[in-house]
Amino acid sequence: MAYQNIDGVRVWGSPDDGALAQAKTCAQTGNVVQTLLMADHHKGYSQPIGGVVVYDGQISPSGVGYDIACGNKAVRTHLYVDDVKPGLAKIMDEIARKISFGMGRVNNEKVDHDLFDDPDWAIYKAIGKQEHDKLKTLARDQLGTVGSGNHFVDLFEEVGTGRVWIANHFGSRGFGHKTASGFINLAAGRDFLASAPGEKMDQPPILLDLSSELGDMYYRAMKLAGRYAYAGRDYVIGEVLSILGTEVDLEVHNHHNYAWKETHNGQEVVVVRKGATPSAPGQVGFIGGSMGDISVIVKGKDSEENREAYYSTVHGAGRIMSRTQAAGKMNWKTRTRSGGQITTQQMLEAVRAFGVELRGAGTDESPFVYRKLQEVLDAHAETIEVLHVLRPIGVCMAGADEFDPYKD
């Protein structure tokens, strides 16, 4: 087997001490069946990113995290790279102009969707009218916006065929963030919309019994946020398809911050994946690299090691440098940064050398802050098969100094 068993935690790749300590805390809290770390793991809030915790009858709002249902949608188009290369700069300008990144909207095209008639909005009404109205308004206002952090809209060339793919990465935006903080507040006896006290990265996970009223409400709210995230990613892909004037012949869509009810070893369990992609046998997923690296479409193998991974794999390359380390500390009053190990010039040179047309992004998302994707894929070679290798040709993200309280 390619993983190590460290104090009961199954670890793929090189163990990160901070993430491993968090995983051990998770393993010792609640009705835990198994705790695992994927090869792209690093520290997160309460449950490490790249961490998977399998529970018997429990769910963890802190484990799923604040960006509920963050994930990717990727589509293969009818276009080839030679069709788009001559006008790529204009295409990326149009994507940056038409799609809303960061906090605001660049247009007033409010996106309507039948999920706003979903009966599960009653969960928020049961909490209170103010809570319901505030979250539903926020959800309406932000549907179809991408946000900031590591969230992107990219164009790719498929290696070997030259086919053009579109992919995006974001979740349930402010609606998901306020849902997460609200249920964490309720679990601690605070009001849903209360300001949470200062939270510690290494605090034990917050757990709810699925059989409890609060646990059931959170599970249903999480699934609603999941449908919302899918709707947002669908809308953004549709906008880019419209810009390119093309259609789709293959689609991949998956969450990687979510909790799933699954059956493993004959037992129904709740699998909480934070920054981890589901990889059941035959299941197809998108795994993104940095803006200067490949991304891939993968399929889960029917292997013993994949079963022992609880059908989970990486969601990306994994950070090796924090945002502050890379970009320095931001003073939001003066909008200036101090410190930082990566310069804008270094980032632009690296991305240009890789052949990418870049819009937006800060040095905290530069290729230097991530592992090479192939390294983490190699660690999971017995669990996933790579179907398509994608090389970025256009990357669009929020600007370097875009403030977004709902980012990852």
# chains A, B, ... in the order shown; residues from 1 in each chain; ligands from 1

$ select_by_dssp --residues "segment 29-223 of chain A" --states "helix (DSSP H, G or I)" --output "PyMOL selection string"
chain A and resi 61-64+81-98+114-117+119-127+129-142+173-187+213-223

$ residues_around --residues "Phe170 of chain A" --least-positions-apart "3" --cutoff "7 Å" --atoms "only C-alpha atoms" --output "VMD selection string"
chain A and resid 70 to 72 146 151

$ residues_around --residues "Tyr3 of chain A" --least-positions-apart "5" --cutoff "8 Å" --atoms "only C-alpha atoms" --output "PyMOL selection string"
chain A and resi 10-13+379

$ write_last_selection --atoms "N, CA and C atoms" --output "mmCIF file, in the first residue's frame"
data_model
loop_
_atom_site.group_PDB
_atom_site.id
_atom_site.type_symbol
_atom_site.label_atom_id
_atom_site.label_comp_id
_atom_site.auth_asym_id
_atom_site.auth_seq_id
_atom_site.Cartn_x
_atom_site.Cartn_y
_atom_site.Cartn_z
ATOM 1 N N ARG A 10 -4.460 7.237 8.248
ATOM 2 C CA ARG A 10 -3.893 6.784 6.981
ATOM 3 C C ARG A 10 -3.418 7.999 6.194
ATOM 4 N N VAL A 11 -2.119 8.024 5.879
ATOM 5 C CA VAL A 11 -1.492 9.219 5.300
ATOM 6 C C VAL A 11 -0.866 8.885 3.954
ATOM 7 N N TRP A 12 -1.344 9.562 2.909
ATOM 8 C CA TRP A 12 -0.729 9.471 1.589
ATOM 9 C C TRP A 12 0.221 10.643 1.406
ATOM 10 N N GLY A 13 1.328 10.421 0.702
ATOM 11 C CA GLY A 13 2.288 11.488 0.462
ATOM 12 C C GLY A 13 3.149 11.757 1.684
ATOM 13 N N ALA A 379 1.289 9.574 -5.707
ATOM 14 C CA ALA A 379 1.028 8.962 -4.396
ATOM 15 C C ALA A 379 -0.298 8.200 -4.386
#

$ atom_distance --atom1 "atom CA of Gly300 of chain A" --atom2 "atom CA of His256 of chain A"
14.6 Å

$ closest_atom_pairs --of "segment 138-210 of chain A" --to "segment 121-124 of chain A" --cutoff "12 Å" --atoms "only C-alpha atoms" --output "tab-separated table"
residue	atom	partner	partner_atom	distance
A:Ala139	CA	A:Trp121	CA	11.2
A:Phe175	CA	A:Tyr124	CA	11.5
A:Lys178	CA	A:Tyr124	CA	11.3
A:Thr179	CA	A:Tyr124	CA	9.2
A:Gly182	CA	A:Tyr124	CA	10.1
A:Phe183	CA	A:Tyr124	CA	10.7
A:Phe192	CA	A:Tyr124	CA	9.7
A:Leu193	CA	A:Tyr124	CA	11.4

$ residues_around --residues "segment 289-294 of chain A" --least-positions-apart "2" --cutoff "7 Å" --atoms "only C-alpha atoms" --output "list in words"
Ile287, Val296, Gly316, Ala317, Ala350, Val351, Phe354, Ser366, Pro367, Tyr370, Leu373, Val389, Leu390, Arg391, Pro392 and Val395 of chain A

$ write_last_selection --atoms "N, CA, C and O atoms" --output "PDB file, in the first residue's frame"
ATOM      1  N   ILE A 287      -9.238  17.345 -10.981  1.00  0.00           N
ATOM      2  CA  ILE A 287      -8.232  17.720  -9.985  1.00  0.00           C
ATOM      3  C   ILE A 287      -7.377  18.822 -10.590  1.00  0.00           C
ATOM      4  O   ILE A 287      -6.744  18.630 -11.634  1.00  0.00           O
ATOM      5  N   VAL A 296      -6.031  17.588 -14.227  1.00  0.00           N
ATOM      6  CA  VAL A 296      -6.359  16.274 -14.785  1.00  0.00           C
ATOM      7  C   VAL A 296      -7.818  15.910 -14.541  1.00  0.00           C
ATOM      8  O   VAL A 296      -8.444  16.380 -13.590  1.00  0.00           O
ATOM      9  N   GLY A 316      -6.346  18.831  -5.401  1.00  0.00           N
ATOM     10  CA  GLY A 316      -5.419  19.744  -6.057  1.00  0.00           C
ATOM     11  C   GLY A 316      -3.997  19.352  -5.721  1.00  0.00           C
ATOM     12  O   GLY A 316      -3.742  18.254  -5.222  1.00  0.00           O
ATOM     13  N   ALA A 317      -3.080  20.287  -5.986  1.00  0.00           N
ATOM     14  CA  ALA A 317      -1.666  19.988  -5.745  1.00  0.00           C
ATOM     15  C   ALA A 317      -1.289  20.142  -4.277  1.00  0.00           C
ATOM     16  O   ALA A 317      -0.383  19.477  -3.783  1.00  0.00           O
ATOM     17  N   ALA A 350       6.855  33.280 -14.605  1.00  0.00           N
ATOM     18  CA  ALA A 350       6.611  31.834 -14.548  1.00  0.00           C
ATOM     19  C   ALA A 350       5.385  31.454 -15.360  1.00  0.00           C
ATOM     20  O   ALA A 350       5.386  30.461 -16.100  1.00  0.00           O
ATOM     21  N   VAL A 351       4.322  32.255 -15.239  1.00  0.00           N
ATOM     22  CA  VAL A 351       3.080  31.954 -15.939  1.00  0.00           C
ATOM     23  C   VAL A 351       3.257  32.156 -17.448  1.00  0.00           C
ATOM     24  O   VAL A 351       2.784  31.356 -18.263  1.00  0.00           O
ATOM     25  N   PHE A 354       4.984  29.340 -19.048  1.00  0.00           N
ATOM     26  CA  PHE A 354       4.146  28.149 -19.193  1.00  0.00           C
ATOM     27  C   PHE A 354       3.106  28.334 -20.297  1.00  0.00           C
ATOM     28  O   PHE A 354       2.359  27.415 -20.613  1.00  0.00           O
ATOM     29  N   SER A 366       0.404  31.990  -7.011  1.00  0.00           N
ATOM     30  CA  SER A 366       1.415  31.728  -8.036  1.00  0.00           C
ATOM     31  C   SER A 366       1.845  30.260  -7.996  1.00  0.00           C
ATOM     32  O   SER A 366       1.636  29.555  -6.996  1.00  0.00           O
ATOM     33  N   PRO A 367       2.441  29.758  -9.071  1.00  0.00           N
ATOM     34  CA  PRO A 367       2.857  28.353  -9.098  1.00  0.00           C
ATOM     35  C   PRO A 367       3.812  27.961  -7.973  1.00  0.00           C
ATOM     36  O   PRO A 367       3.867  26.795  -7.594  1.00  0.00           O
ATOM     37  N   TYR A 370       2.535  26.036  -4.602  1.00  0.00           N
ATOM     38  CA  TYR A 370       1.913  24.720  -4.676  1.00  0.00           C
ATOM     39  C   TYR A 370       2.926  23.624  -4.988  1.00  0.00           C
ATOM     40  O   TYR A 370       3.946  23.875  -5.639  1.00  0.00           O
ATOM     41  N   LEU A 373       1.583  18.924  -9.280  1.00  0.00           N
ATOM     42  CA  LEU A 373       0.431  18.031  -9.212  1.00  0.00           C
ATOM     43  C   LEU A 373       0.824  16.573  -9.433  1.00  0.00           C
ATOM     44  O   LEU A 373       0.279  15.679  -8.776  1.00  0.00           O
ATOM     45  N   VAL A 389      -5.214  14.805 -19.505  1.00  0.00           N
ATOM     46  CA  VAL A 389      -4.264  15.773 -18.949  1.00  0.00           C
ATOM     47  C   VAL A 389      -4.536  17.118 -19.609  1.00  0.00           C
ATOM     48  O   VAL A 389      -4.566  17.220 -20.848  1.00  0.00           O
ATOM     49  N   LEU A 390      -4.740  18.148 -18.797  1.00  0.00           N
ATOM     50  CA  LEU A 390      -5.120  19.472 -19.286  1.00  0.00           C
ATOM     51  C   LEU A 390      -4.044  20.494 -18.934  1.00  0.00           C
ATOM     52  O   LEU A 390      -3.602  20.567 -17.786  1.00  0.00           O
ATOM     53  N   ARG A 391      -3.676  21.285 -19.918  1.00  0.00           N
ATOM     54  CA  ARG A 391      -2.650  22.310 -19.719  1.00  0.00           C
ATOM     55  C   ARG A 391      -3.325  23.679 -19.833  1.00  0.00           C
ATOM     56  O   ARG A 391      -3.972  23.977 -20.837  1.00  0.00           O
ATOM     57  N   PRO A 392      -3.192  24.546 -18.805  1.00  0.00           N
ATOM     58  CA  PRO A 392      -3.888  25.831 -18.871  1.00  0.00           C
ATOM     59  C   PRO A 392      -3.341  26.735 -19.968  1.00  0.00           C
ATOM     60  O   PRO A 392      -2.133  26.816 -20.172  1.00  0.00           O
ATOM     61  N   VAL A 395      -6.114  31.792 -17.647  1.00  0.00           N
ATOM     62  CA  VAL A 395      -6.491  31.732 -16.231  1.00  0.00           C
ATOM     63  C   VAL A 395      -7.076  33.080 -15.832  1.00  0.00           C
ATOM     64  O   VAL A 395      -6.470  34.127 -16.088  1.00  0.00           O
TER      65      VAL A 395
END

$ closest_residue --among "A:Cys396, A:Ile184, A:Phe116, A:Pro197" --to "Asp133 of chain A" --atoms "only C-alpha atoms"
A:Phe116

$ select_by_dssp --residues "segment 278-384 of chain A" --states "strand (DSSP E or B)" --output "JSON, numbers by chain"
{"A": [278, 281, 284, 285, 286, 287, 288, 295, 296, 297, 298, 299, 300, 312, 313, 314, 316, 319, 329, 330, 331, 336, 337, 338, 357, 358, 359, 360, 361, 370, 384]}

$ residues_around --residues "segment 156-167 of chain A" --least-positions-apart "6" --cutoff "8 Å" --atoms "only C-alpha atoms" --output "compact mmCIF listing (two decimals) with N, CA and C atoms, in the first residue's frame"
# COMPACT_ATOMS: atom_id res chain seq x y z
N ASN A 72 -15.51 21.74 -8.46
CA ASN A 72 -15.11 22.08 -9.83
C ASN A 72 -16.14 21.58 -10.83
N LYS A 73 -16.31 22.34 -11.88
CA LYS A 73 -16.97 21.84 -13.07
C LYS A 73 -16.01 22.01 -14.24
N ALA A 74 -15.87 20.97 -15.04
CA ALA A 74 -15.01 21.02 -16.22
C ALA A 74 -15.78 20.44 -17.40
N VAL A 75 -15.67 21.09 -18.55
CA VAL A 75 -16.35 20.62 -19.75
C VAL A 75 -15.39 20.63 -20.93
N ARG A 76 -15.54 19.62 -21.78
CA ARG A 76 -14.78 19.59 -23.03
C ARG A 76 -15.64 20.18 -24.13
N THR A 77 -15.08 21.11 -24.88
CA THR A 77 -15.84 21.78 -25.94
C THR A 77 -15.52 21.16 -27.30
N HIS A 78 -16.22 21.65 -28.34
CA HIS A 78 -15.97 21.20 -29.71
C HIS A 78 -14.79 21.93 -30.34
N LEU A 79 -14.22 22.91 -29.61
CA LEU A 79 -13.12 23.70 -30.16
C LEU A 79 -11.77 23.03 -29.97
N TYR A 80 -10.82 23.44 -30.81
CA TYR A 80 -9.42 23.04 -30.67
C TYR A 80 -8.58 24.28 -30.36
N VAL A 81 -7.41 24.06 -29.80
CA VAL A 81 -6.59 25.18 -29.33
C VAL A 81 -6.27 26.15 -30.46
N ASP A 82 -6.11 25.64 -31.70
CA ASP A 82 -5.82 26.53 -32.82
C ASP A 82 -7.00 27.46 -33.13
N ILE A 237 -20.04 28.34 -16.37
CA ILE A 237 -19.61 27.57 -17.56
C ILE A 237 -20.45 27.99 -18.77
N VAL A 240 -19.19 31.23 -20.26
CA VAL A 240 -17.95 31.09 -21.02
C VAL A 240 -18.21 30.38 -22.35
N HIS A 388 -7.55 12.32 -18.71
CA HIS A 388 -7.22 13.45 -19.58
C HIS A 388 -6.26 14.37 -18.83
N VAL A 389 -5.21 14.80 -19.50
CA VAL A 389 -4.26 15.77 -18.95
C VAL A 389 -4.54 17.12 -19.61
N LEU A 390 -4.74 18.15 -18.80
CA LEU A 390 -5.12 19.47 -19.29
C LEU A 390 -4.04 20.49 -18.93
N ARG A 391 -3.68 21.28 -19.92
CA ARG A 391 -2.65 22.31 -19.72
C ARG A 391 -3.32 23.68 -19.83
N PRO A 392 -3.19 24.55 -18.80
CA PRO A 392 -3.89 25.83 -18.87
C PRO A 392 -3.34 26.74 -19.97
N ILE A 393 -4.26 27.39 -20.67
CA ILE A 393 -3.85 28.41 -21.65
C ILE A 393 -4.40 29.78 -21.25
N GLY A 394 -5.46 29.81 -20.45
CA GLY A 394 -6.03 31.06 -19.95
C GLY A 394 -6.51 30.89 -18.53
